[in-house]
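S.K.: There's a structure below that I have some questions on.
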Amino acid sequence: MQLGSFAISEGPLKSVLHNFNLQAPTARENAMRVVRACQVSKPVLLEGSSGVGKTNLITTLAMLSGYHLCRINLSDQTDLMDLFGSDLPVENGSPGEFAWKDAEFLTAMQEGHWVLLDEMNLAPQAILEGLNAVLDHRGTVYIPELGRSFVRHPAFRVFAAQNPLQQGGGRKGLPKSFMDRFTKVYIEELSPEDLLLVCQERFKGCDEGMLRAMITYNNRLNQEVVHKRTFGRDGSPWEFNLRDVLR
């Protein structure tokens with residue numbers, strides 16, 4: 001899959017168009033940065049404000065390139081068994097009968113899928129430590145319950161996404177040693193013109209003047225509340241972005 005001067009190798013699935021608008025200049029530049037980061041084998045970490053399109057961008061690239069994408073939402077409650085698997089009761093088995101069941105991450109790792117780890121800076125320390133060996137040159141994970149190691153598929157690729165630390169919500173700075181395993185890409189916010197292009201594509205029957213008025217209002221609200229903090233300080237931080245316009 002070619003995007004500008006850079007390309008991503010095609011996967012086993014048929015290429016499918018997604019509703020992510022790559023005609024918007026900022027969205028196209030963001031996509032170019034991610035594809036450029038994919039030229040090396042390191043995992044890619046996307047950082048940008050909420051609603052800027054991080055998840056949609058990776059979903060679109062996966063569909064265009066022909067890869068199955070496994071999206072995993074992380075939080076401070078996520079456990080290693082959510083990534084790698086656990087012993088579960090056997091369906092229709094005898095009482096007390098358990099068997100190992102792979103979780104999505106381990107399955108994707110063995111089959112060469114793409115994985116998106118969302119809200120990376122909400123993950124607890126145990127998750128970061130469990131991912132270390134998978135993300136570095138070793139490319140393996142050891143499962144004590146099975147007494148064996150699993151090696152990642154050559155086509156397996158990890159993306160992570162996170163909001164900036166200053167947006168709060170329990171986010172914490174990731175250790176530098178862990179960050180060094182990623183190529184970091186900053187995702188720029190969409191401009192008013194980008195938003196207009198996206199809305200015109202999504203709502204073809206809407207009047208352009210009405211769309212511009214909605215975008216202007218949303219942008220002014222963002223300036224007054226988020227940047228100038230004229231009002232709405234209680235409950236902050238707030239975000240006013242593409243999601244609000246589309247609603």
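For the structure tokens, the naming scheme is as follows: chains receive sequential letters (A, B, ...) according to their order of presentation, residues are indexed from 1 within each chain, and ligands are indexed from 1 in presentation order.
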Which residues, written as a CSV table (one decimal) with all heavy atoms, in the first residue's frame, have at least one atom at most 12 Å from Glu201 (chain A), with only C-alpha atoms counted and residues fewer than 6 positions away on the same chain left out?

M.R.:
chain,number,residue,atom,x,y,z
A,19,ASN,N,-14.1,4.7,5.9
A,19,ASN,CA,-14.7,6.1,5.8
A,19,ASN,C,-13.8,7.2,6.3
A,19,ASN,O,-14.2,8.3,6.5
A,19,ASN,CB,-16.1,6.1,6.5
A,19,ASN,CG,-15.9,5.8,8.0
A,19,ASN,OD1,-14.8,5.6,8.5
A,19,ASN,ND2,-17.1,5.7,8.7
A,20,PHE,N,-12.5,6.9,6.7
A,20,PHE,CA,-11.6,7.9,7.1
A,20,PHE,C,-11.2,8.7,5.9
A,20,PHE,O,-10.8,8.2,4.9
A,20,PHE,CB,-10.4,7.2,7.7
A,20,PHE,CG,-9.4,8.2,8.4
A,20,PHE,CD1,-9.6,8.6,9.7
A,20,PHE,CD2,-8.3,8.7,7.7
A,20,PHE,CE1,-8.7,9.5,10.3
A,20,PHE,CE2,-7.4,9.6,8.3
A,20,PHE,CZ,-7.6,9.9,9.6
A,21,ASN,N,-11.3,10.1,6.1
A,21,ASN,CA,-11.1,11.0,4.9
A,21,ASN,C,-9.6,11.4,4.8
A,21,ASN,O,-9.1,12.2,5.6
A,21,ASN,CB,-11.9,12.2,5.1
A,21,ASN,CG,-12.0,13.0,3.8
A,21,ASN,OD1,-11.1,13.1,3.1
A,21,ASN,ND2,-13.2,13.6,3.5
A,22,LEU,N,-8.9,10.8,3.8
A,22,LEU,CA,-7.5,11.1,3.6
A,22,LEU,C,-7.3,12.3,2.7
A,22,LEU,O,-6.2,12.7,2.4
A,22,LEU,CB,-6.8,9.9,3.1
A,22,LEU,CG,-6.5,8.7,4.0
A,22,LEU,CD1,-5.9,7.5,3.3
A,22,LEU,CD2,-5.6,9.2,5.2
A,23,GLN,N,-8.4,12.9,2.3
A,23,GLN,CA,-8.3,14.1,1.4
A,23,GLN,C,-8.1,15.3,2.3
A,23,GLN,O,-7.6,16.3,1.8
A,23,GLN,CB,-9.6,14.3,0.6
A,23,GLN,CG,-9.9,13.1,-0.3
A,23,GLN,CD,-8.8,12.8,-1.3
A,23,GLN,OE1,-8.2,13.7,-1.9
A,23,GLN,NE2,-8.4,11.5,-1.3
A,24,ALA,N,-8.5,15.3,3.5
A,24,ALA,CA,-8.2,16.4,4.4
A,24,ALA,C,-6.7,16.5,4.6
A,24,ALA,O,-6.0,15.6,5.0
A,24,ALA,CB,-8.9,16.2,5.8
A,194,ASP,N,-10.1,21.2,7.5
A,194,ASP,CA,-10.1,19.7,7.5
A,194,ASP,C,-11.5,19.2,8.0
A,194,ASP,O,-12.1,18.3,7.4
A,194,ASP,CB,-9.1,19.2,8.5
A,194,ASP,CG,-7.7,19.5,8.0
A,194,ASP,OD1,-7.4,19.4,6.8
A,194,ASP,OD2,-6.8,19.9,8.9
A,195,LEU,N,-12.0,19.8,9.0
A,195,LEU,CA,-13.3,19.4,9.6
A,195,LEU,C,-14.4,19.6,8.5
A,195,LEU,O,-15.3,18.8,8.4
A,195,LEU,CB,-13.6,20.2,10.8
A,195,LEU,CG,-12.7,20.0,12.0
A,195,LEU,CD1,-13.1,20.9,13.2
A,195,LEU,CD2,-12.8,18.6,12.5
A,208,GLU,N,-23.5,24.0,3.1
A,208,GLU,CA,-22.1,24.3,3.5
A,208,GLU,C,-22.1,25.4,4.5
A,208,GLU,O,-21.2,25.4,5.5
A,208,GLU,CB,-21.3,24.8,2.3
A,208,GLU,CG,-19.8,25.1,2.6
A,208,GLU,CD,-19.0,25.5,1.4
A,208,GLU,OE1,-19.3,25.1,0.3
A,208,GLU,OE2,-18.1,26.3,1.6
A,211,LEU,N,-22.7,23.9,7.9
A,211,LEU,CA,-21.6,23.2,8.4
A,211,LEU,C,-20.5,24.1,8.9
A,211,LEU,O,-19.9,23.9,9.9
A,211,LEU,CB,-21.0,22.3,7.3
A,211,LEU,CG,-21.9,21.1,6.8
A,211,LEU,CD1,-21.3,20.4,5.6
A,211,LEU,CD2,-22.2,20.1,7.9
A,246,LEU,N,-19.6,16.0,14.5
A,246,LEU,CA,-20.4,14.9,13.8
A,246,LEU,C,-21.7,14.5,14.6
A,246,LEU,O,-22.6,14.1,13.9
A,246,LEU,CB,-19.5,13.6,13.7
A,246,LEU,CG,-18.3,13.8,12.8
A,246,LEU,CD1,-17.5,12.5,12.8
A,246,LEU,CD2,-18.7,14.2,11.4

S.K.: Compile the contact shell of Leu74 (chain A) as a PyMOL selection string: residues with an atom at most 7 Å away, counting only C-alpha atoms, same-chain residues fewer than 5 positions apart removed.

M.R.: chain A and resi 117-120+122-123

S.K.: When you look at Leu135 (chain A) with a cut-off of 12 Å (counting only C-alpha atoms), what residues show up, excluding the ones that are within fewer than 3 positions of it in the same chain? I need them as number ranges by chain.

M.R.: A: 41-45, 109, 115, 128-132, 138-141, 151-152, 156-160, 177-183

S.K.: Which residue, A:Val34, A:Phe203, A:Asn222, A:Tyr67, has the smallest gap to Ala161 (chain A) when you use only C-alpha atoms?

M.R.: A:Val34

S.K.: Please extract the residues of region 28-212 of chain A with a backbone DSSP assignment of strand (DSSP E or B) and present them as JSON, numbers by chain.

M.R.: {"A": [44, 45, 46, 47, 69, 70, 71, 72, 73, 85, 86, 87, 88, 89, 98, 99, 100, 101, 102, 114, 115, 116, 117, 118, 140, 141, 142, 143, 148, 149, 150, 151, 157, 158, 159, 160, 161, 162, 183, 184, 185, 186]}

S.K.: Print the selection's residues with C-alpha atoms to a file, as an mmCIF file, in the first residue's frame.

M.R.:
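Generated file (result_25.cif):
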data_model
loop_
_atom_site.group_PDB
_atom_site.id
_atom_site.type_symbol
_atom_site.label_atom_id
_atom_site.label_comp_id
_atom_site.auth_asym_id
_atom_site.auth_seq_id
_atom_site.Cartn_x
_atom_site.Cartn_y
_atom_site.Cartn_z
ATOM 1 C CA VAL A 44 4.588 2.879 16.648
ATOM 2 C CA LEU A 45 3.189 5.103 19.412
ATOM 3 C CA LEU A 46 0.609 7.709 18.362
ATOM 4 C CA GLU A 47 0.001 10.646 20.690
ATOM 5 C CA LEU A 69 -6.616 -5.274 13.327
ATOM 6 C CA CYS A 70 -7.067 -6.281 16.949
ATOM 7 C CA ARG A 71 -7.930 -3.289 19.134
ATOM 8 C CA ILE A 72 -7.366 -3.583 22.885
ATOM 9 C CA ASN A 73 -8.475 -0.839 25.277
ATOM 10 C CA GLY A 85 -4.854 -15.624 28.023
ATOM 11 C CA SER A 86 -5.803 -17.755 31.002
ATOM 12 C CA ASP A 87 -7.222 -21.082 32.107
ATOM 13 C CA LEU A 88 -10.986 -21.085 31.637
ATOM 14 C CA PRO A 89 -13.700 -23.671 32.369
ATOM 15 C CA PHE A 98 -10.150 -26.090 32.834
ATOM 16 C CA ALA A 99 -8.203 -25.462 29.617
ATOM 17 C CA TRP A 100 -5.944 -22.682 28.376
ATOM 18 C CA LYS A 101 -7.501 -20.107 26.024
ATOM 19 C CA ASP A 102 -5.365 -17.595 24.149
ATOM 20 C CA TRP A 114 -1.897 -5.840 13.695
ATOM 21 C CA VAL A 115 -2.621 -4.818 17.295
ATOM 22 C CA LEU A 116 -3.675 -1.381 18.536
ATOM 23 C CA LEU A 117 -3.153 -0.826 22.272
ATOM 24 C CA ASP A 118 -5.421 2.118 23.083
ATOM 25 C CA THR A 140 8.870 -13.483 22.462
ATOM 26 C CA VAL A 141 6.548 -13.943 25.410
ATOM 27 C CA TYR A 142 6.861 -16.654 28.032
ATOM 28 C CA ILE A 143 3.647 -18.112 29.485
ATOM 29 C CA ARG A 148 6.634 -22.384 26.887
ATOM 30 C CA SER A 149 7.557 -19.282 24.895
ATOM 31 C CA PHE A 150 5.754 -17.874 21.874
ATOM 32 C CA VAL A 151 7.640 -16.115 19.071
ATOM 33 C CA ARG A 157 2.945 -5.191 14.227
ATOM 34 C CA VAL A 158 2.056 -3.243 17.361
ATOM 35 C CA PHE A 159 0.591 0.256 17.432
ATOM 36 C CA ALA A 160 -0.188 2.137 20.632
ATOM 37 C CA ALA A 161 -2.235 5.295 21.097
ATOM 38 C CA GLN A 162 -2.508 7.694 23.988
ATOM 39 C CA THR A 183 8.762 5.204 17.207
ATOM 40 C CA LYS A 184 6.670 8.106 18.501
ATOM 41 C CA VAL A 185 4.361 9.985 16.112
ATOM 42 C CA TYR A 186 2.482 13.108 17.161
#

S.K.: Compare A:Val225, A:Leu165, A:Leu3, A:Val134 by their minimum atom-to-atom distance to Leu64 (chain A), counting only C-alpha atoms, and give me the closest one.

M.R.: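 Closest residue, counting only C-alpha atoms: A:Leu3.
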
S.K.: In Å to one decimal, how far is CA of Ser5 (chain A) from CA of Val35 (chain A)?

M.R.: 9.5 Å

S.K.: Residues of region 18-117 of chain A in helix (DSSP H, G or I) according to DSSP, as a ChimeraX atom specification?

M.R.: /A:25-37,54-65,80-84,104-111

S.K.: Put those residues in a file: N, CA, C and O atoms, as a compact mmCIF listing (two decimals), in the first residue's frame.

M.R.:
# COMPACT_ATOMS: atom_id res chain seq x y z
N PRO A 25 -6.08 17.72 4.37
CA PRO A 25 -4.61 17.86 4.39
C PRO A 25 -3.95 17.38 5.68
O PRO A 25 -2.95 16.66 5.63
N THR A 26 -4.50 17.77 6.84
CA THR A 26 -3.89 17.37 8.10
C THR A 26 -3.99 15.86 8.31
O THR A 26 -3.03 15.22 8.77
N ALA A 27 -5.14 15.27 7.96
CA ALA A 27 -5.31 13.82 8.09
C ALA A 27 -4.32 13.09 7.18
O ALA A 27 -3.76 12.06 7.57
N ARG A 28 -4.11 13.62 5.99
CA ARG A 28 -3.16 13.01 5.05
C ARG A 28 -1.74 13.08 5.60
O ARG A 28 -0.96 12.13 5.50
N GLU A 29 -1.38 14.23 6.18
CA GLU A 29 -0.05 14.38 6.77
C GLU A 29 0.13 13.44 7.95
O GLU A 29 1.20 12.84 8.13
N ASN A 30 -0.90 13.30 8.77
CA ASN A 30 -0.82 12.37 9.91
C ASN A 30 -0.61 10.94 9.42
O ASN A 30 0.20 10.18 9.99
N ALA A 31 -1.35 10.56 8.38
CA ALA A 31 -1.21 9.21 7.83
C ALA A 31 0.20 9.00 7.26
O ALA A 31 0.79 7.92 7.44
N MET A 32 0.74 10.04 6.61
CA MET A 32 2.09 9.94 6.04
C MET A 32 3.13 9.71 7.14
O MET A 32 4.05 8.91 6.99
N ARG A 33 2.95 10.41 8.28
CA ARG A 33 3.90 10.23 9.39
C ARG A 33 3.87 8.80 9.92
O ARG A 33 4.91 8.23 10.24
N VAL A 34 2.67 8.22 10.03
CA VAL A 34 2.55 6.85 10.54
C VAL A 34 3.16 5.86 9.56
O VAL A 34 3.91 4.95 9.96
N VAL A 35 2.87 6.02 8.27
CA VAL A 35 3.42 5.11 7.26
C VAL A 35 4.95 5.22 7.23
O VAL A 35 5.66 4.23 7.09
N ARG A 36 5.46 6.44 7.37
CA ARG A 36 6.92 6.63 7.42
C ARG A 36 7.51 5.92 8.63
O ARG A 36 8.57 5.30 8.54
N ALA A 37 6.82 6.00 9.78
CA ALA A 37 7.30 5.31 10.98
C ALA A 37 7.30 3.80 10.81
O ALA A 37 8.10 3.09 11.43
N LYS A 54 -6.85 9.04 15.99
CA LYS A 54 -5.75 8.08 16.11
C LYS A 54 -6.21 6.66 15.79
O LYS A 54 -5.61 5.95 14.97
N THR A 55 -7.30 6.24 16.43
CA THR A 55 -7.81 4.88 16.22
C THR A 55 -8.32 4.70 14.80
O THR A 55 -8.03 3.67 14.15
N ASN A 56 -9.06 5.69 14.28
CA ASN A 56 -9.57 5.60 12.91
C ASN A 56 -8.45 5.52 11.89
O ASN A 56 -8.58 4.84 10.87
N LEU A 57 -7.37 6.24 12.14
CA LEU A 57 -6.24 6.24 11.22
C LEU A 57 -5.61 4.85 11.11
O LEU A 57 -5.37 4.35 10.00
N ILE A 58 -5.36 4.21 12.25
CA ILE A 58 -4.76 2.86 12.23
C ILE A 58 -5.73 1.85 11.63
O ILE A 58 -5.34 0.95 10.88
N THR A 59 -7.03 1.99 11.94
CA THR A 59 -8.04 1.11 11.36
C THR A 59 -8.05 1.22 9.84
O THR A 59 -8.11 0.21 9.12
N THR A 60 -7.95 2.45 9.34
CA THR A 60 -7.95 2.68 7.90
C THR A 60 -6.71 2.07 7.24
O THR A 60 -6.82 1.40 6.21
N LEU A 61 -5.53 2.30 7.83
CA LEU A 61 -4.30 1.75 7.26
C LEU A 61 -4.32 0.22 7.24
O LEU A 61 -3.85 -0.42 6.29
N ALA A 62 -4.88 -0.37 8.31
CA ALA A 62 -4.97 -1.83 8.37
C ALA A 62 -5.89 -2.36 7.26
O ALA A 62 -5.56 -3.35 6.58
N MET A 63 -7.04 -1.71 7.05
CA MET A 63 -7.99 -2.16 6.04
C MET A 63 -7.44 -1.96 4.63
O MET A 63 -7.61 -2.82 3.75
N LEU A 64 -6.75 -0.84 4.40
CA LEU A 64 -6.17 -0.59 3.09
C LEU A 64 -5.01 -1.54 2.79
O LEU A 64 -4.79 -1.92 1.63
N SER A 65 -4.27 -1.92 3.84
CA SER A 65 -3.10 -2.79 3.65
C SER A 65 -3.46 -4.27 3.66
O SER A 65 -2.62 -5.10 3.31
N LEU A 80 -2.49 -8.97 32.75
CA LEU A 80 -1.77 -9.70 31.71
C LEU A 80 -2.61 -10.79 31.07
O LEU A 80 -2.44 -11.10 29.88
N MET A 81 -3.53 -11.37 31.83
CA MET A 81 -4.37 -12.42 31.26
C MET A 81 -5.29 -11.85 30.17
O MET A 81 -5.74 -12.58 29.29
N ASP A 82 -5.58 -10.53 30.22
CA ASP A 82 -6.39 -9.90 29.18
C ASP A 82 -5.63 -9.84 27.86
O ASP A 82 -6.24 -9.75 26.79
N LEU A 83 -4.28 -9.86 27.92
CA LEU A 83 -3.47 -9.81 26.72
C LEU A 83 -3.07 -11.20 26.23
O LEU A 83 -3.11 -11.47 25.02
N PHE A 84 -2.67 -12.05 27.16
CA PHE A 84 -2.08 -13.33 26.76
C PHE A 84 -3.01 -14.53 26.91
O PHE A 84 -2.87 -15.51 26.19
N GLU A 104 -6.64 -12.21 22.77
CA GLU A 104 -6.51 -11.63 21.42
C GLU A 104 -5.08 -11.25 21.07
O GLU A 104 -4.64 -11.46 19.95
N PHE A 105 -4.35 -10.68 22.02
CA PHE A 105 -2.99 -10.23 21.73
C PHE A 105 -2.10 -11.41 21.35
O PHE A 105 -1.35 -11.34 20.37
N LEU A 106 -2.18 -12.49 22.11
CA LEU A 106 -1.34 -13.67 21.84
C LEU A 106 -1.72 -14.30 20.51
O LEU A 106 -0.85 -14.74 19.74
N THR A 107 -3.02 -14.35 20.21
CA THR A 107 -3.47 -14.88 18.91
C THR A 107 -2.93 -14.03 17.77
O THR A 107 -2.42 -14.56 16.77
N ALA A 108 -3.05 -12.71 17.90
CA ALA A 108 -2.55 -11.80 16.85
C ALA A 108 -1.05 -11.94 16.67
O ALA A 108 -0.53 -11.90 15.55
N MET A 109 -0.35 -12.11 17.77
CA MET A 109 1.11 -12.25 17.73
C MET A 109 1.54 -13.49 16.95
O MET A 109 2.54 -13.47 16.21
N GLN A 110 0.77 -14.56 17.09
CA GLN A 110 1.13 -15.82 16.40
C GLN A 110 0.68 -15.84 14.94
O GLN A 110 1.31 -16.48 14.10
N GLU A 111 -0.39 -15.10 14.63
CA GLU A 111 -0.97 -15.16 13.29
C GLU A 111 -0.58 -13.99 12.39
O GLU A 111 -0.98 -13.93 11.24

S.K.: Which one of A:Ala155, A:His137, A:Val40, A:Ala126 sits closest to Glu10 (chain A) if you count only C-alpha atoms?

M.R.: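 Looking only at the distances to Glu10 (chain A), the closest residue turns out to be A:Ala155.
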
S.K.: Calculate how many Å separate CA of Gln223 (chain A) from CA of Asp207 (chain A), rounding to one decimal.

M.R.: 24.7 Å
